[in-house]
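Coordinates from model.tsv are shown below (TSV, C-alpha atoms (C1' of nucleotides) and all ligand atoms).
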chain	number	residue	atom	x	y	z
A	143	MET	CA	25.18	16.98	-101.63
A	144	ALA	CA	22.98	18.37	-104.39
A	145	ASP	CA	19.85	20.39	-103.92
A	146	HIS	CA	17.13	18.02	-105.08
A	147	ASN	CA	14.95	18.87	-102.13
A	148	LYS	CA	11.77	17.28	-103.44
A	149	ARG	CA	9.74	17.79	-100.30
A	150	GLY	CA	10.83	21.41	-100.04
A	151	ASP	CA	9.79	22.03	-103.63
A	152	THR	CA	6.35	20.62	-102.91
A	153	ILE	CA	5.91	22.99	-99.98
A	154	ILE	CA	7.08	25.99	-102.05
A	155	ARG	CA	4.67	25.06	-104.83
A	156	LYS	CA	1.83	24.84	-102.33
A	157	LEU	CA	2.73	28.28	-100.99
A	158	ARG	CA	2.74	29.81	-104.47
A	159	GLU	CA	-0.53	28.12	-105.36
A	160	ASN	CA	-2.10	29.81	-102.38
A	161	GLY	CA	-0.76	33.21	-103.28
A	162	HIS	CA	2.01	33.47	-100.72
A	163	LYS	CA	5.29	35.20	-101.42
A	164	ILE	CA	8.57	33.33	-101.23
A	165	THR	CA	10.80	35.42	-99.00
A	166	PRO	CA	14.35	34.43	-98.05
A	167	GLN	CA	13.22	33.93	-94.45
A	168	ARG	CA	10.33	31.72	-95.50
A	169	LEU	CA	12.53	29.71	-97.81
A	170	ALA	CA	15.06	29.08	-95.05
A	171	ILE	CA	12.32	27.86	-92.70
A	172	VAL	CA	10.82	25.60	-95.36
A	173	LYS	CA	14.19	24.06	-96.14
A	174	ILE	CA	14.70	23.04	-92.55
A	175	LEU	CA	11.16	21.75	-92.10
A	176	ALA	CA	11.26	19.78	-95.34
A	177	VAL	CA	14.06	17.70	-93.91
A	178	SER	CA	12.75	17.74	-90.33
A	179	ASP	CA	15.85	15.96	-89.19
A	180	GLY	CA	14.99	14.86	-85.70
A	181	HIS	CA	11.81	16.95	-85.76
A	182	PRO	CA	13.08	20.47	-84.91
A	183	SER	CA	11.57	22.90	-82.41
A	184	VAL	CA	10.87	26.57	-83.13
A	185	GLU	CA	14.03	27.47	-81.27
A	186	ASP	CA	16.04	24.90	-83.26
A	187	ILE	CA	14.83	26.47	-86.50
A	188	TYR	CA	15.41	29.99	-85.22
A	189	GLU	CA	18.96	29.26	-84.09
A	190	GLN	CA	19.88	27.38	-87.27
A	191	ILE	CA	18.78	30.25	-89.46
A	192	ARG	CA	20.14	33.03	-87.27
A	193	THR	CA	23.74	31.94	-87.83
A	194	ASP	CA	23.73	33.16	-91.43
A	195	PHE	CA	20.62	35.36	-91.19
A	196	PRO	CA	21.10	37.53	-88.07
A	197	THR	CA	18.08	39.70	-88.73
A	198	MET	CA	15.63	36.78	-88.48
A	199	SER	CA	12.86	37.33	-85.96
A	200	LEU	CA	11.41	34.59	-83.78
A	201	ALA	CA	7.94	35.85	-84.66
A	202	THR	CA	8.64	35.06	-88.30
A	203	VAL	CA	9.38	31.45	-87.46
A	204	TYR	CA	6.12	31.18	-85.52
A	205	ARG	CA	4.16	32.89	-88.29
A	206	ASN	CA	5.49	30.64	-91.02
A	207	ILE	CA	4.91	27.47	-89.07
A	208	LEU	CA	1.34	28.63	-88.47
A	209	LEU	CA	0.90	29.19	-92.18
A	210	LEU	CA	2.39	25.82	-93.12
A	211	LYS	CA	0.19	24.09	-90.55
A	212	SER	CA	-2.88	25.74	-92.06
A	213	LEU	CA	-1.83	24.45	-95.49
A	214	GLY	CA	-1.38	20.96	-94.07
A	215	GLU	CA	2.31	20.97	-94.93
A	216	VAL	CA	3.72	20.61	-91.45
A	217	LEU	CA	2.72	18.41	-88.54
A	218	GLU	CA	2.90	19.95	-85.08
A	219	LEU	CA	3.82	17.70	-82.17
A	220	GLY	CA	2.80	19.45	-78.97
A	221	PHE	CA	4.06	17.62	-75.91
A	222	PRO	CA	2.65	17.47	-72.39
A	223	ASP	CA	5.52	19.56	-71.05
A	224	GLY	CA	4.51	22.38	-73.39
A	225	SER	CA	7.30	21.90	-75.89
A	226	ASN	CA	6.54	21.72	-79.60
A	227	ARG	CA	8.35	19.92	-82.36
A	228	TYR	CA	7.64	19.91	-86.08
A	229	ASP	CA	7.61	17.43	-88.95
A	230	GLY	CA	7.42	18.98	-92.39
A	231	ASN	CA	8.71	15.87	-94.10
A	232	LYS	CA	5.76	13.64	-93.29
A	233	PRO	CA	2.88	16.00	-92.42
A	234	VAL	CA	0.21	13.35	-91.93
A	235	PRO	CA	-0.34	11.92	-88.42
A	236	HIS	CA	2.01	9.07	-87.60
A	237	PRO	CA	3.47	7.46	-84.49
A	238	HIS	CA	6.58	8.89	-82.86
A	239	VAL	CA	9.23	7.54	-80.54
A	240	ILE	CA	10.93	10.13	-78.34
A	241	CYS	CA	14.20	9.78	-76.44
A	242	ILE	CA	13.74	11.51	-73.08
A	243	ARG	CA	17.52	11.98	-72.76
A	244	CYS	CA	18.68	13.49	-76.04
A	245	LYS	CA	15.19	14.54	-77.25
A	246	LYS	CA	15.67	12.77	-80.56
A	247	ILE	CA	12.38	11.88	-82.26
A	248	VAL	CA	12.06	9.09	-84.81
A	249	ASP	CA	9.25	7.78	-87.01
A	250	PRO	CA	8.73	4.03	-86.52
A	251	VAL	CA	6.88	1.87	-89.03
A	252	LEU	CA	4.15	0.07	-87.11
A	253	ASP	CA	2.13	-2.59	-88.88
A	254	SER	CA	-0.08	-2.93	-85.81
A	255	LEU	CA	-1.45	0.59	-86.30
A	256	ASP	CA	-4.20	-0.44	-88.71
A	257	GLU	CA	-5.46	-3.08	-86.34
A	258	MET	CA	-5.47	-0.66	-83.44
A	259	LYS	CA	-7.44	1.91	-85.42
A	260	LYS	CA	-10.07	-0.71	-86.20
A	261	GLU	CA	-10.21	-1.79	-82.59
A	262	VAL	CA	-10.70	1.79	-81.37
A	263	ALA	CA	-13.59	2.41	-83.75
A	264	LEU	CA	-15.20	-0.89	-82.79
A	265	GLU	CA	-14.73	-0.41	-79.04
A	266	THR	CA	-15.90	3.19	-78.77
A	267	ASP	CA	-18.35	3.84	-81.61
A	268	PHE	CA	-16.44	7.02	-82.36
A	269	LYS	CA	-15.82	8.22	-85.89
A	270	ILE	CA	-12.03	8.51	-85.64
A	271	LEU	CA	-10.54	11.43	-87.56
A	272	ASN	CA	-7.06	11.82	-86.21
A	273	HIS	CA	-4.59	10.27	-83.83
A	274	ARG	CA	-1.48	11.01	-81.88
A	275	LEU	CA	0.69	8.12	-80.81
A	276	ASP	CA	3.84	8.81	-78.82
A	277	PHE	CA	6.20	6.37	-77.15
A	278	PHE	CA	8.75	7.74	-74.71
A	279	GLY	CA	11.97	6.01	-73.80
A	280	ILE	CA	15.74	5.98	-74.15
A	281	CYS	CA	17.44	5.50	-77.50
A	282	SER	CA	20.19	2.95	-78.02
A	283	SER	CA	23.00	5.52	-78.22
A	284	CYS	CA	21.93	7.15	-74.94
A	285	MET	CA	21.76	3.69	-73.40
A	286	ALA	CA	25.31	2.95	-74.54
A	287	GLU	CA	26.58	6.25	-73.13
A	288	ASN	CA	25.15	5.47	-69.76
A	289	LYS	CA	27.55	2.64	-69.02
B	133	MET	CA	-25.75	6.02	-54.12
B	134	ALA	CA	-23.59	5.19	-51.14
B	135	ASP	CA	-20.10	6.44	-50.45
B	136	HIS	CA	-17.94	3.42	-51.16
B	137	ASN	CA	-15.44	5.48	-53.08
B	138	LYS	CA	-12.68	2.90	-53.15
B	139	ARG	CA	-10.38	4.84	-55.44
B	140	GLY	CA	-10.81	8.02	-53.40
B	141	ASP	CA	-9.93	6.16	-50.21
B	142	THR	CA	-6.75	4.87	-51.81
B	143	ILE	CA	-5.70	8.39	-52.73
B	144	ILE	CA	-6.47	9.71	-49.24
B	145	ARG	CA	-4.47	6.89	-47.68
B	146	LYS	CA	-1.53	7.69	-49.95
B	147	LEU	CA	-1.72	11.34	-48.91
B	148	ARG	CA	-1.72	10.45	-45.20
B	149	GLU	CA	1.14	8.00	-45.67
B	150	ASN	CA	3.19	10.82	-47.13
B	151	GLY	CA	2.40	13.18	-44.28
B	152	HIS	CA	-0.09	15.45	-46.04
B	153	LYS	CA	-3.07	16.98	-44.28
B	154	ILE	CA	-6.58	16.20	-45.39
B	155	THR	CA	-8.29	19.55	-45.79
B	156	PRO	CA	-11.90	19.97	-46.97
B	157	GLN	CA	-10.63	21.54	-50.19
B	158	ARG	CA	-8.24	18.68	-50.84
B	159	LEU	CA	-10.91	16.11	-50.10
B	160	ALA	CA	-13.31	17.73	-52.55
B	161	ILE	CA	-10.66	17.70	-55.29
B	162	VAL	CA	-9.74	14.08	-54.62
B	163	LYS	CA	-13.39	13.01	-54.75
B	164	ILE	CA	-13.81	14.46	-58.22
B	165	LEU	CA	-10.51	13.11	-59.52
B	166	ALA	CA	-11.18	9.63	-58.12
B	167	VAL	CA	-14.20	9.38	-60.39
B	168	SER	CA	-12.66	11.36	-63.26
B	169	ASP	CA	-15.95	11.24	-65.12
B	170	GLY	CA	-15.05	12.34	-68.62
B	171	HIS	CA	-11.55	13.31	-67.44
B	172	PRO	CA	-12.10	16.77	-65.91
B	173	SER	CA	-10.04	19.89	-66.51
B	174	VAL	CA	-8.76	22.20	-63.76
B	175	GLU	CA	-11.61	24.58	-64.54
B	176	ASP	CA	-14.15	21.72	-64.42
B	177	ILE	CA	-12.93	20.78	-60.95
B	178	TYR	CA	-12.81	24.40	-59.80
B	179	GLU	CA	-16.36	25.13	-60.99
B	180	GLN	CA	-17.78	21.91	-59.56
B	181	ILE	CA	-16.38	22.63	-56.13
B	182	ARG	CA	-17.11	26.36	-56.10
B	183	THR	CA	-20.87	25.79	-56.16
B	184	ASP	CA	-20.90	24.59	-52.57
B	185	PHE	CA	-17.46	25.91	-51.58
B	186	PRO	CA	-17.36	29.55	-52.74
B	187	THR	CA	-14.05	30.29	-51.02
B	188	MET	CA	-12.12	27.76	-53.10
B	189	SER	CA	-9.11	29.22	-54.90
B	190	LEU	CA	-8.01	28.14	-58.36
B	191	ALA	CA	-4.45	27.97	-57.07
B	192	THR	CA	-5.51	25.29	-54.61
B	193	VAL	CA	-6.80	23.11	-57.44
B	194	TYR	CA	-3.51	23.49	-59.30
B	195	ARG	CA	-1.48	22.82	-56.16
B	196	ASN	CA	-3.34	19.66	-55.29
B	197	ILE	CA	-3.19	18.27	-58.79
B	198	LEU	CA	0.56	18.91	-58.74
B	199	LEU	CA	0.84	17.02	-55.46
B	200	LEU	CA	-1.26	14.11	-56.67
B	201	LYS	CA	0.78	13.90	-59.86
B	202	SER	CA	3.98	13.74	-57.82
B	203	LEU	CA	2.49	10.87	-55.82
B	204	GLY	CA	1.53	9.07	-59.03
B	205	GLU	CA	-2.15	9.21	-58.15
B	206	VAL	CA	-3.36	11.28	-61.07
B	207	LEU	CA	-2.53	11.13	-64.77
B	208	GLU	CA	-2.22	14.43	-66.59
B	209	LEU	CA	-3.30	14.58	-70.22
B	210	GLY	CA	-1.80	17.68	-71.81
B	211	PHE	CA	-3.15	18.32	-75.29
B	212	PRO	CA	-1.57	20.11	-78.26
B	213	ASP	CA	-3.95	23.04	-77.90
B	214	GLY	CA	-2.58	23.63	-74.41
B	215	SER	CA	-5.55	22.25	-72.54
B	216	ASN	CA	-5.07	19.75	-69.73
B	217	ARG	CA	-7.37	17.02	-68.51
B	218	TYR	CA	-6.94	14.64	-65.59
B	219	ASP	CA	-7.55	11.00	-64.79
B	220	GLY	CA	-7.35	10.10	-61.11
B	221	ASN	CA	-9.26	6.89	-61.57
B	222	LYS	CA	-6.68	5.10	-63.69
B	223	PRO	CA	-3.38	6.95	-63.11
B	224	VAL	CA	-1.19	4.69	-65.25
B	225	PRO	CA	-0.67	5.55	-68.95
B	226	HIS	CA	-3.44	4.24	-71.16
B	227	PRO	CA	-5.00	5.09	-74.53
B	228	HIS	CA	-7.67	7.76	-74.79
B	229	VAL	CA	-10.39	8.58	-77.27
B	230	ILE	CA	-11.41	12.22	-77.39
B	231	CYS	CA	-14.56	13.70	-78.92
B	232	ILE	CA	-13.58	16.94	-80.63
B	233	ARG	CA	-17.16	18.23	-80.37
B	234	CYS	CA	-18.21	17.69	-76.74
B	235	LYS	CA	-14.67	17.15	-75.40
B	236	LYS	CA	-15.66	13.93	-73.71
B	237	ILE	CA	-12.73	11.57	-73.11
B	238	VAL	CA	-13.12	7.81	-72.73
B	239	ASP	CA	-10.77	4.93	-71.93
B	240	PRO	CA	-10.95	2.19	-74.57
B	241	VAL	CA	-9.72	-1.33	-73.94
B	242	LEU	CA	-7.26	-2.15	-76.72
B	243	ASP	CA	-5.91	-5.67	-76.99
B	244	SER	CA	-3.63	-4.53	-79.80
B	245	LEU	CA	-1.65	-2.32	-77.42
B	246	ASP	CA	0.68	-5.08	-76.25
B	247	GLU	CA	1.58	-6.00	-79.80
B	248	MET	CA	2.25	-2.40	-80.70
B	249	LYS	CA	4.54	-1.92	-77.70
B	250	LYS	CA	6.56	-4.95	-78.79
B	251	GLU	CA	6.71	-3.68	-82.34
B	252	VAL	CA	7.96	-0.25	-81.25
B	253	ALA	CA	10.75	-1.73	-79.14
B	254	LEU	CA	11.78	-4.05	-81.96
B	255	GLU	CA	11.64	-1.38	-84.66
B	256	THR	CA	13.51	1.37	-82.83
B	257	ASP	CA	15.84	-0.26	-80.32
B	258	PHE	CA	14.54	2.17	-77.72
B	259	LYS	CA	13.93	1.14	-74.14
B	260	ILE	CA	10.28	2.25	-73.94
B	261	LEU	CA	9.27	3.71	-70.58
B	262	ASN	CA	6.01	5.49	-71.22
B	263	HIS	CA	3.46	6.15	-73.89
B	264	ARG	CA	0.68	8.47	-74.82
B	265	LEU	CA	-1.93	7.24	-77.26
B	266	ASP	CA	-4.75	9.55	-78.26
B	267	PHE	CA	-7.42	9.06	-80.89
B	268	PHE	CA	-9.52	12.07	-81.88
B	269	GLY	CA	-12.96	11.86	-83.42
B	270	ILE	CA	-16.66	12.35	-82.91
B	271	CYS	CA	-18.61	10.33	-80.37
B	272	SER	CA	-21.84	8.53	-81.26
B	273	SER	CA	-24.09	10.98	-79.41
B	274	CYS	CA	-22.55	13.98	-81.15
B	275	MET	CA	-22.95	12.15	-84.45
B	276	ALA	CA	-26.63	11.56	-83.73
B	277	GLU	CA	-27.15	15.23	-82.84
B	278	ASN	CA	-25.69	16.33	-86.11
B	279	LYS	CA	-28.49	14.94	-88.26
C	38	DA	C1'	14.30	48.66	-115.38
C	39	DT	C1'	10.83	51.06	-112.36
C	40	DG	C1'	6.82	51.84	-109.82
C	41	DT	C1'	2.91	49.99	-107.34
C	42	DT	C1'	0.86	47.41	-103.81
C	43	DA	C1'	-0.52	43.80	-100.97
C	44	DA	C1'	1.86	40.66	-98.16
C	45	DG	C1'	5.70	39.78	-95.03
C	46	DT	C1'	9.02	41.07	-91.55
C	47	DG	C1'	11.07	42.77	-87.12
C	48	DA	C1'	10.36	44.59	-82.79
C	49	DT	C1'	7.49	44.70	-79.23
C	50	DA	C1'	3.04	44.42	-76.65
C	51	DT	C1'	-0.51	41.38	-75.27
C	52	DT	C1'	-2.56	37.27	-73.93
C	53	DT	C1'	-3.31	33.23	-71.23
C	54	DA	C1'	-2.33	29.17	-68.46
C	55	DT	C1'	0.48	27.83	-64.82
C	56	DT	C1'	3.64	28.57	-60.96
C	57	DA	C1'	5.56	31.41	-57.12
C	58	DT	C1'	4.97	34.38	-53.23
C	59	DC	C1'	3.36	35.57	-48.74
C	60	DA	C1'	0.29	36.75	-45.03
C	61	DT	C1'	-3.33	34.21	-42.81
C	62	DT	C1'	-5.71	30.00	-41.51
C	63	DT	C1'	-6.06	25.32	-40.03
C	64	DA	C1'	-5.31	20.02	-39.49
C	65	DA	C1'	-2.82	17.06	-36.71
C	66	DT	C1'	-0.59	15.84	-32.55
C	67	DA	C1'	0.33	16.09	-27.69
D	255	DT	C1'	-6.23	23.73	-25.72
D	256	DA	C1'	-1.89	24.99	-27.36
D	257	DT	C1'	1.61	24.28	-30.77
D	258	DT	C1'	3.36	24.18	-35.30
D	259	DA	C1'	4.21	22.87	-39.84
D	260	DA	C1'	1.46	22.63	-43.76
D	261	DA	C1'	-2.29	24.45	-46.60
D	262	DT	C1'	-5.09	28.09	-48.35
D	263	DG	C1'	-6.53	32.45	-50.81
D	264	DA	C1'	-5.27	36.37	-53.17
D	265	DT	C1'	-2.27	38.10	-56.15
D	266	DA	C1'	2.20	38.67	-58.62
D	267	DA	C1'	5.40	36.63	-61.68
D	268	DT	C1'	6.55	33.78	-65.58
D	269	DA	C1'	6.81	32.14	-70.19
D	270	DA	C1'	5.32	30.59	-74.68
D	271	DA	C1'	2.51	31.84	-78.41
D	272	DT	C1'	-0.09	35.33	-80.78
D	273	DA	C1'	-1.37	40.16	-82.14
D	274	DT	C1'	-0.09	44.70	-83.43
D	275	DC	C1'	1.97	48.13	-86.32
D	276	DA	C1'	5.39	50.79	-88.82
D	277	DC	C1'	8.54	49.61	-92.28
D	278	DT	C1'	10.27	46.62	-96.05
D	279	DT	C1'	9.96	43.81	-100.06
D	280	DA	C1'	8.38	40.09	-103.57
D	281	DA	C1'	5.49	39.86	-107.36
D	282	DC	C1'	3.49	41.83	-111.09
D	283	DA	C1'	2.44	45.41	-114.60
D	284	DT	C1'	4.02	48.84	-117.15
A	301	ZN	ZN	18.83	9.52	-76.87
A	302	ZN	ZN	7.49	12.35	-87.66
A	303	ZN	ZN	-19.20	14.11	-78.44
A	304	ZN	ZN	-8.23	7.79	-68.86

Turn the structure described in the file into structure tokens.
Amino acid sequence: MADHNKRGDTIIRKLRENGHKITPQRLAIVKILAVSDGHPSVEDIYEQIRTDFPTMSLATVYRNILLLKSLGEVLELGFPDGSNRYDGNKPVPHPHVICIRCKKIVDPVLDSLDEMKKEVALETDFKILNHRLDFFGICSSCMAENK
Amino acid sequence: MADHNKRGDTIIRKLRENGHKITPQRLAIVKILAVSDGHPSVEDIYEQIRTDFPTMSLATVYRNILLLKSLGEVLELGFPDGSNRYDGNKPVPHPHVICIRCKKIVDPVLDSLDEMKKEVALETDFKILNHRLDFFGICSSCMAENK
DNA sequence: ATGTTAAGTGATATTTATTATCATTTAATA
DNA sequence: TATTAAATGATAATAAATATCACTTAACAT
């Protein structure tokens, strides 16, 4: 597969615009986050890169995620159990569905979201700025395995 | 105001049923959680009780919350910033609206929730078991203060 | 190409919230 | 009132994320 990593290019451009250097370590982290296949954790990213980049430090992964968060280019999903997962592909808040077995995370399209937002504002008189909507369950492939 | 703390009584009964002792410390923690005014944090509970119970240990608050969680009598709300808040009044999952200024947390009634649950199941083929729906914004009183 | 320099990295120390440990105390029952 | 398992208080241990700092390097100018 070719290297037309559009989302990755956008992130790199944003980094340059803000005067940040493009190091090999940073580039490797961005590439993974731009895809965000399954919404990787810090450890996922670290392990993926370490295979062909043995000198990579865990601190560098943390630092770069922090930077990308501050630029609004990655969405952090902190879970109640303390684990964190990242979405650099779609960095604006959106609902997530998490499989509690295999830890897969998917992005559902929910038409009912707009209505719910309206209802929240109406019900509470809050000025809503952000949201975090997570549904936990078991994915179809884990369900099939079970039998 | 009188002491018809229905929710607190339910929690105490559940504790007795499961063979747990009712200590003064435990009772004080349960009383606060049963009301869950604004969804208190561990520190909130600790400070509230310490005023007229100076010997109270922070570990005891943690221990009792752990126990009440295991009995399904308190809902833990862990937030991305690492903070935790508790609802012992309505211990089943429900949406929350959080003021990012004063940290107040309220329970909105959202008719659109049922529809969204259906949509998630349909869209993703997951068997949904749990959810966590948070909306972040600024409450009306904080908005008023701002001007 | 080479040198310069501010930013980035790697290794490690620190921080902070929660859990574990353990000697002492106490609620529940007889 | 005595018995005993459970709970408490004080503190140690744990673990994930952040801070520190000496060394390295990407970006830019020459
Ligand atoms: Zn699964
Ligand atoms: Zn996502
Ligand atoms: Zn407020
Ligand atoms: Zn609540």

Please produce, as CSV, a per-residue contact table for chain A versus chain D (criterion: any atom at most 12 Å away, only C-alpha atoms (C1' of nucleotides) considered), showing the nearest atom pair and its distance in Å to one decimal, sorted by chain then residue number.
residue,atom,partner,partner_atom,distance
A:Arg158,CA,D:DA281,C1',10.8
A:Gly161,CA,D:DA281,C1',10.0
A:His162,CA,D:DA280,C1',9.6
A:Lys163,CA,D:DA280,C1',6.2
A:Ile164,CA,D:DA280,C1',7.2
A:Thr165,CA,D:DA280,C1',7.0
A:Pro166,CA,D:DA280,C1',9.9
A:Gln167,CA,D:DT279,C1',11.8
A:Arg168,CA,D:DA280,C1',11.8
A:Val184,CA,D:DA270,C1',10.9
A:Glu185,CA,D:DA270,C1',11.4
A:Leu200,CA,D:DA271,C1',10.8
A:Ala201,CA,D:DT272,C1',8.9
A:Thr202,CA,D:DT272,C1',11.5
A:Val203,CA,D:DA271,C1',11.4
A:Tyr204,CA,D:DA271,C1',8.0
A:Arg205,CA,D:DT272,C1',9.0
A:Ile207,CA,D:DA271,C1',11.8
A:Leu208,CA,D:DT272,C1',10.3
A:Asp223,CA,D:DA270,C1',11.6
A:Gly224,CA,D:DA270,C1',8.4
A:Ser225,CA,D:DA270,C1',9.0
A:Asn226,CA,D:DA270,C1',10.2

Expected answer as a PyMOL selection string: residues within 7 Å of ligand ZN 304 (chain A), all atoms listed in the file: chain B and resi 171+219+222+226+228+238-239

Between CA of Leu175 (chain A) and CA of Gly230 (chain A) - distance in Å to one decimal: 4.7 Å

Put chain A on top of chain B with a least-squares fit on all C-alpha atoms, paired in order, and send it back as a compact mmCIF listing (two decimals) with C-alpha atoms, in the coordinates of the input.
# COMPACT_ATOMS: atom_id res chain seq x y z
CA MET A 143 -25.81 6.26 -53.94
CA ALA A 144 -23.59 5.29 -51.02
CA ASP A 145 -20.12 6.57 -50.36
CA HIS A 146 -17.96 3.52 -51.00
CA ASN A 147 -15.46 5.55 -52.97
CA LYS A 148 -12.72 2.94 -53.05
CA ARG A 149 -10.42 4.84 -55.36
CA GLY A 150 -10.82 8.02 -53.34
CA ASP A 151 -9.93 6.16 -50.16
CA THR A 152 -6.76 4.86 -51.77
CA ILE A 153 -5.70 8.38 -52.72
CA ILE A 154 -6.45 9.70 -49.20
CA ARG A 155 -4.44 6.87 -47.67
CA LYS A 156 -1.53 7.66 -49.95
CA LEU A 157 -1.70 11.32 -48.91
CA ARG A 158 -1.67 10.43 -45.22
CA GLU A 159 1.17 7.98 -45.70
CA ASN A 160 3.22 10.79 -47.15
CA GLY A 161 2.46 13.15 -44.32
CA HIS A 162 -0.04 15.39 -46.06
CA LYS A 163 -2.99 16.93 -44.29
CA ILE A 164 -6.54 16.19 -45.38
CA THR A 165 -8.20 19.57 -45.79
CA PRO A 166 -11.79 20.02 -46.94
CA GLN A 167 -10.53 21.57 -50.18
CA ARG A 168 -8.16 18.68 -50.82
CA LEU A 169 -10.84 16.14 -50.06
CA ALA A 170 -13.25 17.76 -52.51
CA ILE A 171 -10.62 17.71 -55.26
CA VAL A 172 -9.74 14.08 -54.57
CA LYS A 173 -13.38 13.04 -54.69
CA ILE A 174 -13.82 14.48 -58.14
CA LEU A 175 -10.54 13.09 -59.47
CA ALA A 176 -11.22 9.63 -58.05
CA VAL A 177 -14.24 9.38 -60.29
CA SER A 178 -12.71 11.31 -63.20
CA ASP A 179 -15.99 11.17 -65.00
CA GLY A 180 -15.11 12.24 -68.50
CA HIS A 181 -11.62 13.25 -67.37
CA PRO A 182 -12.17 16.74 -65.87
CA SER A 183 -10.08 19.85 -66.50
CA VAL A 184 -8.78 22.16 -63.76
CA GLU A 185 -11.60 24.55 -64.54
CA ASP A 186 -14.17 21.73 -64.38
CA ILE A 187 -12.92 20.80 -60.91
CA TYR A 188 -12.76 24.41 -59.80
CA GLU A 189 -16.30 25.17 -60.94
CA GLN A 190 -17.76 21.98 -59.48
CA ILE A 191 -16.31 22.70 -56.07
CA ARG A 192 -17.00 26.43 -56.08
CA THR A 193 -20.76 25.91 -56.09
CA ASP A 194 -20.78 24.71 -52.48
CA PHE A 195 -17.31 26.00 -51.52
CA PRO A 196 -17.18 29.64 -52.69
CA THR A 197 -13.87 30.39 -51.03
CA MET A 198 -11.98 27.80 -53.11
CA SER A 199 -8.99 29.23 -54.95
CA LEU A 200 -7.91 28.13 -58.41
CA ALA A 201 -4.34 27.94 -57.14
CA THR A 202 -5.42 25.28 -54.67
CA VAL A 203 -6.74 23.10 -57.46
CA TYR A 204 -3.45 23.45 -59.35
CA ARG A 205 -1.41 22.77 -56.22
CA ASN A 206 -3.31 19.62 -55.31
CA ILE A 207 -3.18 18.21 -58.80
CA LEU A 208 0.58 18.81 -58.78
CA LEU A 209 0.86 16.95 -55.51
CA LEU A 210 -1.27 14.04 -56.69
CA LYS A 211 0.75 13.82 -59.90
CA SER A 212 3.95 13.63 -57.88
CA LEU A 213 2.46 10.77 -55.85
CA GLY A 214 1.49 8.98 -59.05
CA GLU A 215 -2.19 9.16 -58.16
CA VAL A 216 -3.40 11.21 -61.08
CA LEU A 217 -2.62 11.05 -64.77
CA GLU A 218 -2.29 14.35 -66.60
CA LEU A 219 -3.40 14.51 -70.23
CA GLY A 220 -1.86 17.60 -71.79
CA PHE A 221 -3.22 18.23 -75.26
CA PRO A 222 -1.63 19.96 -78.24
CA ASP A 223 -3.98 22.92 -77.90
CA GLY A 224 -2.64 23.53 -74.40
CA SER A 225 -5.63 22.18 -72.54
CA ASN A 226 -5.17 19.68 -69.72
CA ARG A 227 -7.46 16.96 -68.50
CA TYR A 228 -7.01 14.60 -65.57
CA ASP A 229 -7.63 10.94 -64.76
CA GLY A 230 -7.39 10.06 -61.10
CA ASN A 231 -9.34 6.85 -61.52
CA LYS A 232 -6.79 5.05 -63.67
CA PRO A 233 -3.48 6.88 -63.11
CA VAL A 234 -1.30 4.61 -65.23
CA PRO A 235 -0.78 5.50 -68.92
CA HIS A 236 -3.54 4.19 -71.16
CA PRO A 237 -5.06 5.07 -74.53
CA HIS A 238 -7.74 7.73 -74.80
CA VAL A 239 -10.43 8.55 -77.32
CA ILE A 240 -11.48 12.20 -77.43
CA CYS A 241 -14.62 13.67 -78.98
CA ILE A 242 -13.63 16.94 -80.65
CA ARG A 243 -17.23 18.20 -80.42
CA CYS A 244 -18.32 17.63 -76.83
CA LYS A 245 -14.79 17.08 -75.43
CA LYS A 246 -15.80 13.81 -73.82
CA ILE A 247 -12.85 11.49 -73.17
CA VAL A 248 -13.21 7.73 -72.82
CA ASP A 249 -10.84 4.88 -72.00
CA PRO A 250 -10.97 2.15 -74.67
CA VAL A 251 -9.72 -1.38 -74.06
CA LEU A 252 -7.23 -2.14 -76.82
CA ASP A 253 -5.85 -5.65 -77.11
CA SER A 254 -3.53 -4.48 -79.89
CA LEU A 255 -1.59 -2.28 -77.46
CA ASP A 256 0.76 -5.03 -76.30
CA GLU A 257 1.68 -5.91 -79.85
CA MET A 258 2.33 -2.29 -80.72
CA LYS A 259 4.59 -1.83 -77.70
CA LYS A 260 6.64 -4.83 -78.79
CA GLU A 261 6.83 -3.54 -82.33
CA VAL A 262 8.04 -0.11 -81.19
CA ALA A 263 10.83 -1.58 -79.07
CA LEU A 264 11.88 -3.88 -81.91
CA GLU A 265 11.76 -1.18 -84.59
CA THR A 266 13.57 1.58 -82.71
CA ASP A 267 15.90 -0.06 -80.19
CA PHE A 268 14.55 2.32 -77.58
CA LYS A 269 13.92 1.26 -74.01
CA ILE A 270 10.27 2.34 -73.83
CA LEU A 271 9.20 3.74 -70.46
CA ASN A 272 5.95 5.50 -71.12
CA HIS A 273 3.40 6.17 -73.81
CA ARG A 274 0.62 8.48 -74.76
CA LEU A 275 -1.96 7.27 -77.22
CA ASP A 276 -4.79 9.58 -78.23
CA PHE A 277 -7.43 9.11 -80.89
CA PHE A 278 -9.52 12.10 -81.88
CA GLY A 279 -12.93 11.89 -83.47
CA ILE A 280 -16.66 12.35 -83.00
CA CYS A 281 -18.64 10.29 -80.52
CA SER A 282 -21.84 8.50 -81.48
CA SER A 283 -24.14 10.90 -79.63
CA CYS A 284 -22.58 13.94 -81.33
CA MET A 285 -22.93 12.13 -84.64
CA ALA A 286 -26.63 11.52 -83.98
CA GLU A 287 -27.18 15.18 -83.06
CA ASN A 288 -25.69 16.32 -86.30
CA LYS A 289 -28.50 14.99 -88.45

Which chain B residues have any atom within 12 Å of an atom of ligand ZN 301 (chain A), and for each, what is the nearest pair of atoms with distance in Å to one decimal, counting only C-alpha atoms and all ligand atoms, rows sorted by chain and number, as a Markdown table?
| residue | atom | partner | partner_atom | distance |
| --- | --- | --- | --- | --- |
| B:Thr256 | CA | A:ZN301 | ZN | 11.4 |
| B:Asp257 | CA | A:ZN301 | ZN | 10.8 |
| B:Phe258 | CA | A:ZN301 | ZN | 8.6 |
| B:Lys259 | CA | A:ZN301 | ZN | 10.1 |
| B:Ile260 | CA | A:ZN301 | ZN | 11.6 |
